[in-house]
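To keep things clear, I will list the structure first and then write my remarks on it.
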Amino acid sequence: MPTIGERVRTALRWPLTPLLVVMDRRIAWRLRQYDERIVRAERQVDSLKNYTQLLAGALPPPPDSGSSSIERPAEHDLRPAEVGTAVVQPSAAGDGQAGYLDRLSCPVCRAAVQVVPEIVTADGRIKRGHVPCAGCGEVIASVCDFRVDFRARGGAIPTHVEPARVVPVPGELRLRFDDPRLDQQGDWFIWDGRFVVSHGVVTDSLEYTGKFTDALVHMVHHVNGGIVDFFVDGRLTATADLYSDHWFVLPVTVASDVPCDEHVLRIQPRGTKNASAGAGDILIAELVLKGPQTDPAFEAPQPMNRGNPYIEVFERCIAQTPANELILEVGGGERRRLRPGYVNLEYMTVECADVYGDIQRLPFQDDTFGLVLTQAVFEHVNNPFAAASELTRVTKPGGLIVTDVAFMQPLHAAPYHYFNMTPWGVEELFKSCAIVESDYYDGLASTIEWILKSVGAQATVSEKEFASVIERIRAMEAKLSHADIRPAASGVWLVARKPASSPPLLERSESVGPHRPA
Ligand SMILES: [Zn+2]
């Protein structure tokens, strides 16, 4: 005869079984999450180590845009364009390139440096060249497709330089992922309304046939990215490994200064992938082809912004800066502003960079820019004080520095996310300057949503439930004032003015002397 206790246990065992199975599964799922987190953390430690070594100059540059990450041929052997040969002095007109090329300095020894032009456009912009530093005794930057690259030092200074070759002023033809002129072979499909995708099998290919002198392709680099080859007229001109821990859309240069004839550009998945990649997917965002602006196929470049919109203070300060002043934006990303004298310095390989370099060793002479901007950059800088002192150094006396920094935002672009800042923290960076203006952003609900998503919280409840939680926070935020939100603002920003240089000694003594002018 079973006891009451045994009977209760027997009665409960059956209904409890499904619950135990569910709990079991949850425990297994949790353990798997922990494992994955450990693997991810190990990978991040590795990339951090590499990055640190890179900064110390011990490693070659990072796989810039992936375009050189495998075995990109240094120079493809298509015959060079022959447009004419002449010695050209860069003109001060155009988009202001000449204005800042006169203000470059060596990031290593700080000596003033000049670009030696190899290819120049008919309007005087330097398209290709190199930058020797007499102080260092080596080439310290190269110019490729108008971008001055200080990330990799380039060896011995050439003893003989041919006169610069002149090419027509280039225009561009931008082809979106779904352009009918891109001939798809095999299985491609459109994803997210932004990309054309192949699962990376060798039988897939995408071809464009037409005239161009230069070509680049915006490719998605991500955890499931495969390996892709690029051919121009049947010759391999570039290879990219699209694997990356993080999602980046980056340009891959496929052709540079080829004759402006009809070419066949072919994008061909190799059917293989990096060992770390989850799959071999190939995602294409856009093709950018260049050719002479005199050819109706190519248009004059237009302004564009593929990043976040600027906050109001950026636009206001840019508008108030006199047209003859140079403006530096550090970390401007894929933003193209056609204002003369506007310089976008980037560390990442982006199409819209003017100069590639490091915020902690800016390649510009002291007192160069009337306005210096950084948006959402400082939390990604591992020595913000060194970076702030560099920004101040290159700002003209009396010039402005506008910066915004993450405050309550969660981890992003890891492992390159170091220091979030409070409103006083960001002021500490610019102590040598006068703080003209400072404030912070609202966005309480959007920041909380970001925080919850960053820990995967939205996956623990239904989509509807998650949306309703955010909706309730949004309703609460609507009842709070801007001042209320300061302790938990999304980001903080400030405008700092570099002190004008002290007046010369003579003037000072005159001002207190007996002959002081009225
Ligand atoms: Zn130097």
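Ordering of the structure tokens sets the chain letters (A, B, ...), residue numbers begin anew at 1 in every chain, and ligands are numbered from 1 in the order given.
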
Using only C-alpha atoms and all ligand atoms, which protein or nucleic acid residues are at most 7 Å from ligand 1, as a list in words?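 So the residues close to ligand 1 are Cys106, Pro107, Val108, Cys109, Arg110, Ala111, Cys133, Ala134, Gly135, Cys136 and Ile140 of chain A.
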
Can you write out the residues you just picked, keeping N, CA, C and O atoms, as a PDB file, in the first residue's frame?
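Okay, this is what ended up in again29.pdb:
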ATOM      1  N   CYS A 106      54.521  64.776 -41.283  1.00  0.00           N
ATOM      2  CA  CYS A 106      54.819  63.362 -41.044  1.00  0.00           C
ATOM      3  C   CYS A 106      54.292  62.966 -39.663  1.00  0.00           C
ATOM      4  O   CYS A 106      54.640  63.601 -38.666  1.00  0.00           O
ATOM      5  N   PRO A 107      53.470  61.912 -39.579  1.00  0.00           N
ATOM      6  CA  PRO A 107      52.947  61.515 -38.268  1.00  0.00           C
ATOM      7  C   PRO A 107      54.028  60.932 -37.354  1.00  0.00           C
ATOM      8  O   PRO A 107      53.822  60.833 -36.147  1.00  0.00           O
ATOM      9  N   VAL A 108      55.175  60.589 -37.918  1.00  0.00           N
ATOM     10  CA  VAL A 108      56.241  59.995 -37.107  1.00  0.00           C
ATOM     11  C   VAL A 108      57.148  61.097 -36.538  1.00  0.00           C
ATOM     12  O   VAL A 108      57.339  61.201 -35.331  1.00  0.00           O
ATOM     13  N   CYS A 109      57.701  61.963 -37.437  1.00  0.00           N
ATOM     14  CA  CYS A 109      58.689  62.945 -36.959  1.00  0.00           C
ATOM     15  C   CYS A 109      58.169  64.380 -36.996  1.00  0.00           C
ATOM     16  O   CYS A 109      58.866  65.302 -36.597  1.00  0.00           O
ATOM     17  N   ARG A 110      56.926  64.562 -37.477  1.00  0.00           N
ATOM     18  CA  ARG A 110      56.278  65.878 -37.484  1.00  0.00           C
ATOM     19  C   ARG A 110      56.874  66.868 -38.496  1.00  0.00           C
ATOM     20  O   ARG A 110      56.494  68.046 -38.496  1.00  0.00           O
ATOM     21  N   ALA A 111      57.776  66.431 -39.354  1.00  0.00           N
ATOM     22  CA  ALA A 111      58.305  67.340 -40.377  1.00  0.00           C
ATOM     23  C   ALA A 111      57.189  67.640 -41.387  1.00  0.00           C
ATOM     24  O   ALA A 111      56.338  66.788 -41.644  1.00  0.00           O
ATOM     25  N   CYS A 133      59.338  61.523 -46.632  1.00  0.00           N
ATOM     26  CA  CYS A 133      59.697  62.341 -45.470  1.00  0.00           C
ATOM     27  C   CYS A 133      61.216  62.369 -45.367  1.00  0.00           C
ATOM     28  O   CYS A 133      61.841  61.320 -45.169  1.00  0.00           O
ATOM     29  N   ALA A 134      61.780  63.569 -45.524  1.00  0.00           N
ATOM     30  CA  ALA A 134      63.240  63.709 -45.456  1.00  0.00           C
ATOM     31  C   ALA A 134      63.726  63.342 -44.053  1.00  0.00           C
ATOM     32  O   ALA A 134      64.769  62.715 -43.888  1.00  0.00           O
ATOM     33  N   GLY A 135      62.939  63.708 -43.043  1.00  0.00           N
ATOM     34  CA  GLY A 135      63.321  63.426 -41.661  1.00  0.00           C
ATOM     35  C   GLY A 135      63.434  61.929 -41.397  1.00  0.00           C
ATOM     36  O   GLY A 135      64.377  61.474 -40.755  1.00  0.00           O
ATOM     37  N   CYS A 136      62.484  61.167 -41.880  1.00  0.00           N
ATOM     38  CA  CYS A 136      62.465  59.721 -41.643  1.00  0.00           C
ATOM     39  C   CYS A 136      63.268  58.974 -42.704  1.00  0.00           C
ATOM     40  O   CYS A 136      63.578  57.793 -42.534  1.00  0.00           O
ATOM     41  N   ILE A 140      56.372  57.907 -46.436  1.00  0.00           N
ATOM     42  CA  ILE A 140      55.542  57.687 -45.254  1.00  0.00           C
ATOM     43  C   ILE A 140      54.049  57.663 -45.590  1.00  0.00           C
ATOM     44  O   ILE A 140      53.228  57.413 -44.712  1.00  0.00           O
TER      45      ILE A 140
END

If we count only C-alpha atoms, what is near A:Pro269 at a cut-off of 9 Å, once residues fewer than 2 positions away on the same chain are taken out, given as an MDAnalysis selection string? chainID A and resid 198:205 226:230 267 271:272 280:282

Output C-alpha atoms for every residue in the selection just made, as a compact mmCIF listing (two decimals), in the first residue's frame.
# COMPACT_ATOMS: atom_id res chain seq x y z
CA SER A 198 24.84 34.66 -53.38
CA HIS A 199 25.45 31.76 -51.02
CA GLY A 200 28.97 31.77 -52.39
CA VAL A 201 28.97 28.91 -54.88
CA VAL A 202 31.41 29.11 -57.80
CA THR A 203 28.63 28.75 -60.36
CA ASP A 204 27.27 32.15 -59.30
CA SER A 205 28.71 35.29 -60.88
CA GLY A 226 32.97 34.08 -47.91
CA ILE A 227 35.86 34.65 -50.28
CA VAL A 228 35.25 36.47 -53.56
CA ASP A 229 37.41 37.19 -56.60
CA PHE A 230 37.15 40.15 -58.95
CA ILE A 267 32.41 39.32 -59.39
CA GLY A 271 33.23 28.79 -53.18
CA THR A 272 35.47 28.81 -50.11
CA GLY A 280 30.52 31.66 -47.54
CA ASP A 281 27.89 34.30 -48.38
CA ILE A 282 28.63 37.15 -50.79

Test item, strand (DSSP E) assignment across stretch 117-166 of chain A, answer as a ChimeraX atom specification: /A:117-121,126-133,138-144,147-149,165-166

Could the residues in this selection be written to a file with N, CA, C and O atoms, as a short mmCIF file (atom, residue, chain, number, x, y, z; two decimals), in the first residue's frame?
data_model
loop_
_atom_site.label_atom_id
_atom_site.label_comp_id
_atom_site.auth_asym_id
_atom_site.auth_seq_id
_atom_site.Cartn_x
_atom_site.Cartn_y
_atom_site.Cartn_z
N PRO A 117 53.40 64.09 -57.04
CA PRO A 117 52.31 63.58 -57.87
C PRO A 117 52.80 62.59 -58.93
O PRO A 117 53.87 62.78 -59.50
N GLU A 118 52.03 61.55 -59.17
CA GLU A 118 52.32 60.60 -60.26
C GLU A 118 51.22 60.67 -61.31
O GLU A 118 51.49 60.64 -62.50
N ILE A 119 49.97 60.80 -60.85
CA ILE A 119 48.85 61.02 -61.76
C ILE A 119 48.06 62.21 -61.24
O ILE A 119 47.74 62.28 -60.05
N VAL A 120 47.78 63.16 -62.13
CA VAL A 120 47.08 64.38 -61.75
C VAL A 120 45.91 64.57 -62.70
O VAL A 120 46.01 64.27 -63.90
N THR A 121 44.75 65.04 -62.18
CA THR A 121 43.62 65.29 -63.07
C THR A 121 43.79 66.64 -63.76
O THR A 121 44.57 67.49 -63.28
N ILE A 126 45.57 65.66 -57.20
CA ILE A 126 46.52 64.55 -57.25
C ILE A 126 45.76 63.24 -57.04
O ILE A 126 45.15 63.03 -55.99
N LYS A 127 45.80 62.40 -58.06
CA LYS A 127 45.05 61.13 -58.01
C LYS A 127 45.93 60.01 -57.48
O LYS A 127 45.49 59.15 -56.75
N ARG A 128 47.18 60.03 -57.92
CA ARG A 128 48.12 59.04 -57.40
C ARG A 128 49.45 59.72 -57.13
O ARG A 128 49.83 60.65 -57.85
N GLY A 129 50.14 59.28 -56.09
CA GLY A 129 51.43 59.87 -55.76
C GLY A 129 52.00 59.22 -54.52
O GLY A 129 51.47 58.23 -54.02
N HIS A 130 53.09 59.80 -54.04
CA HIS A 130 53.67 59.29 -52.81
C HIS A 130 54.18 60.47 -51.98
O HIS A 130 54.37 61.57 -52.51
N VAL A 131 54.39 60.22 -50.69
CA VAL A 131 54.78 61.29 -49.77
C VAL A 131 56.09 60.89 -49.09
O VAL A 131 56.09 60.07 -48.19
N PRO A 132 57.21 61.46 -49.54
CA PRO A 132 58.48 61.16 -48.88
C PRO A 132 58.67 62.05 -47.65
O PRO A 132 58.19 63.17 -47.63
N CYS A 133 59.34 61.52 -46.63
CA CYS A 133 59.70 62.34 -45.47
C CYS A 133 61.22 62.37 -45.37
O CYS A 133 61.84 61.32 -45.17
N GLU A 138 62.22 57.96 -45.59
CA GLU A 138 61.42 56.95 -46.31
C GLU A 138 60.09 57.54 -46.76
O GLU A 138 59.72 58.64 -46.36
N VAL A 139 59.40 56.78 -47.63
CA VAL A 139 58.06 57.18 -48.05
C VAL A 139 57.13 56.90 -46.89
O VAL A 139 57.10 55.79 -46.37
N ILE A 140 56.37 57.91 -46.44
CA ILE A 140 55.54 57.69 -45.25
C ILE A 140 54.05 57.66 -45.59
O ILE A 140 53.23 57.41 -44.71
N ALA A 141 53.69 57.91 -46.85
CA ALA A 141 52.28 57.77 -47.25
C ALA A 141 52.21 57.62 -48.75
O ALA A 141 53.14 57.99 -49.48
N SER A 142 51.10 57.06 -49.23
CA SER A 142 50.87 56.98 -50.67
C SER A 142 49.54 57.64 -50.97
O SER A 142 48.68 57.74 -50.09
N VAL A 143 49.37 58.09 -52.21
CA VAL A 143 48.08 58.63 -52.64
C VAL A 143 47.52 57.66 -53.66
O VAL A 143 48.17 57.36 -54.67
N CYS A 144 46.35 57.12 -53.37
CA CYS A 144 45.66 56.22 -54.29
C CYS A 144 44.25 56.72 -54.48
O CYS A 144 43.53 56.89 -53.50
N ARG A 147 43.09 59.54 -52.27
CA ARG A 147 43.14 59.39 -50.80
C ARG A 147 44.59 59.25 -50.35
O ARG A 147 45.33 58.42 -50.88
N VAL A 148 44.97 60.10 -49.39
CA VAL A 148 46.35 60.08 -48.88
C VAL A 148 46.39 59.10 -47.72
O VAL A 148 45.72 59.31 -46.70
N ASP A 149 47.16 58.03 -47.84
CA ASP A 149 47.12 56.93 -46.87
C ASP A 149 48.39 56.91 -46.02
O ASP A 149 49.47 56.54 -46.49
N ARG A 165 51.52 62.17 -64.89
CA ARG A 165 50.63 61.91 -66.03
C ARG A 165 49.30 62.62 -65.76
O ARG A 165 48.83 62.64 -64.62
N VAL A 166 48.73 63.23 -66.81
CA VAL A 166 47.48 63.99 -66.63
C VAL A 166 46.31 63.17 -67.14
O VAL A 166 46.36 62.63 -68.25
#

Between atom CA of A:Ala387 and atom CA of A:Gln409 - distance in Å to one decimal: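 Computing it gives 20.7 Å between the two atoms.
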
When you look at A:Gly234 with a cut-off of 10 Å (counting only C-alpha atoms), what residues show up, excluding the ones that are within fewer than 6 positions of it in the same chain? I need them as a PyMOL selection string. chain A and resi 263-266

Could those residues be written to a file, using all heavy atoms, as an mmCIF file, in the first residue's frame?
data_model
loop_
_atom_site.group_PDB
_atom_site.id
_atom_site.type_symbol
_atom_site.label_atom_id
_atom_site.label_comp_id
_atom_site.auth_asym_id
_atom_site.auth_seq_id
_atom_site.Cartn_x
_atom_site.Cartn_y
_atom_site.Cartn_z
ATOM 1 N N HIS A 263 35.045 47.418 -70.702
ATOM 2 C CA HIS A 263 35.636 46.323 -69.925
ATOM 3 C C HIS A 263 34.527 45.423 -69.408
ATOM 4 O O HIS A 263 33.373 45.834 -69.321
ATOM 5 C CB HIS A 263 36.406 46.864 -68.722
ATOM 6 C CG HIS A 263 37.529 47.780 -69.066
ATOM 7 N ND1 HIS A 263 38.699 47.345 -69.649
ATOM 8 C CD2 HIS A 263 37.652 49.129 -68.920
ATOM 9 C CE1 HIS A 263 39.497 48.386 -69.831
ATOM 10 N NE2 HIS A 263 38.881 49.473 -69.413
ATOM 11 N N VAL A 264 34.934 44.203 -69.040
ATOM 12 C CA VAL A 264 34.008 43.296 -68.363
ATOM 13 C C VAL A 264 34.498 43.116 -66.931
ATOM 14 O O VAL A 264 35.608 42.632 -66.703
ATOM 15 C CB VAL A 264 33.927 41.926 -69.073
ATOM 16 C CG1 VAL A 264 32.968 40.998 -68.317
ATOM 17 C CG2 VAL A 264 33.497 42.101 -70.518
ATOM 18 N N LEU A 265 33.686 43.575 -66.000
ATOM 19 C CA LEU A 265 34.018 43.412 -64.566
ATOM 20 C C LEU A 265 33.185 42.236 -64.052
ATOM 21 O O LEU A 265 31.964 42.240 -64.175
ATOM 22 C CB LEU A 265 33.657 44.695 -63.820
ATOM 23 C CG LEU A 265 34.132 44.855 -62.375
ATOM 24 C CD1 LEU A 265 33.933 46.304 -61.940
ATOM 25 C CD2 LEU A 265 33.448 43.946 -61.393
ATOM 26 N N ARG A 266 33.867 41.242 -63.498
ATOM 27 C CA ARG A 266 33.162 40.031 -63.057
ATOM 28 C C ARG A 266 33.416 39.797 -61.573
ATOM 29 O O ARG A 266 34.562 39.815 -61.116
ATOM 30 C CB ARG A 266 33.694 38.845 -63.869
ATOM 31 C CG ARG A 266 33.045 37.512 -63.587
ATOM 32 C CD ARG A 266 33.739 36.458 -64.451
ATOM 33 N NE ARG A 266 33.290 35.129 -64.155
ATOM 34 C CZ ARG A 266 32.262 34.533 -64.744
ATOM 35 N NH1 ARG A 266 31.578 35.172 -65.667
ATOM 36 N NH2 ARG A 266 31.918 33.293 -64.419
#

What does the distance from atom CA of A:Ile435 to atom CA of A:Glu334 come to in Å, to one decimal?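 Taking atom CA of A:Ile435 and atom CA of A:Glu334, their separation equals 28.9 Å.
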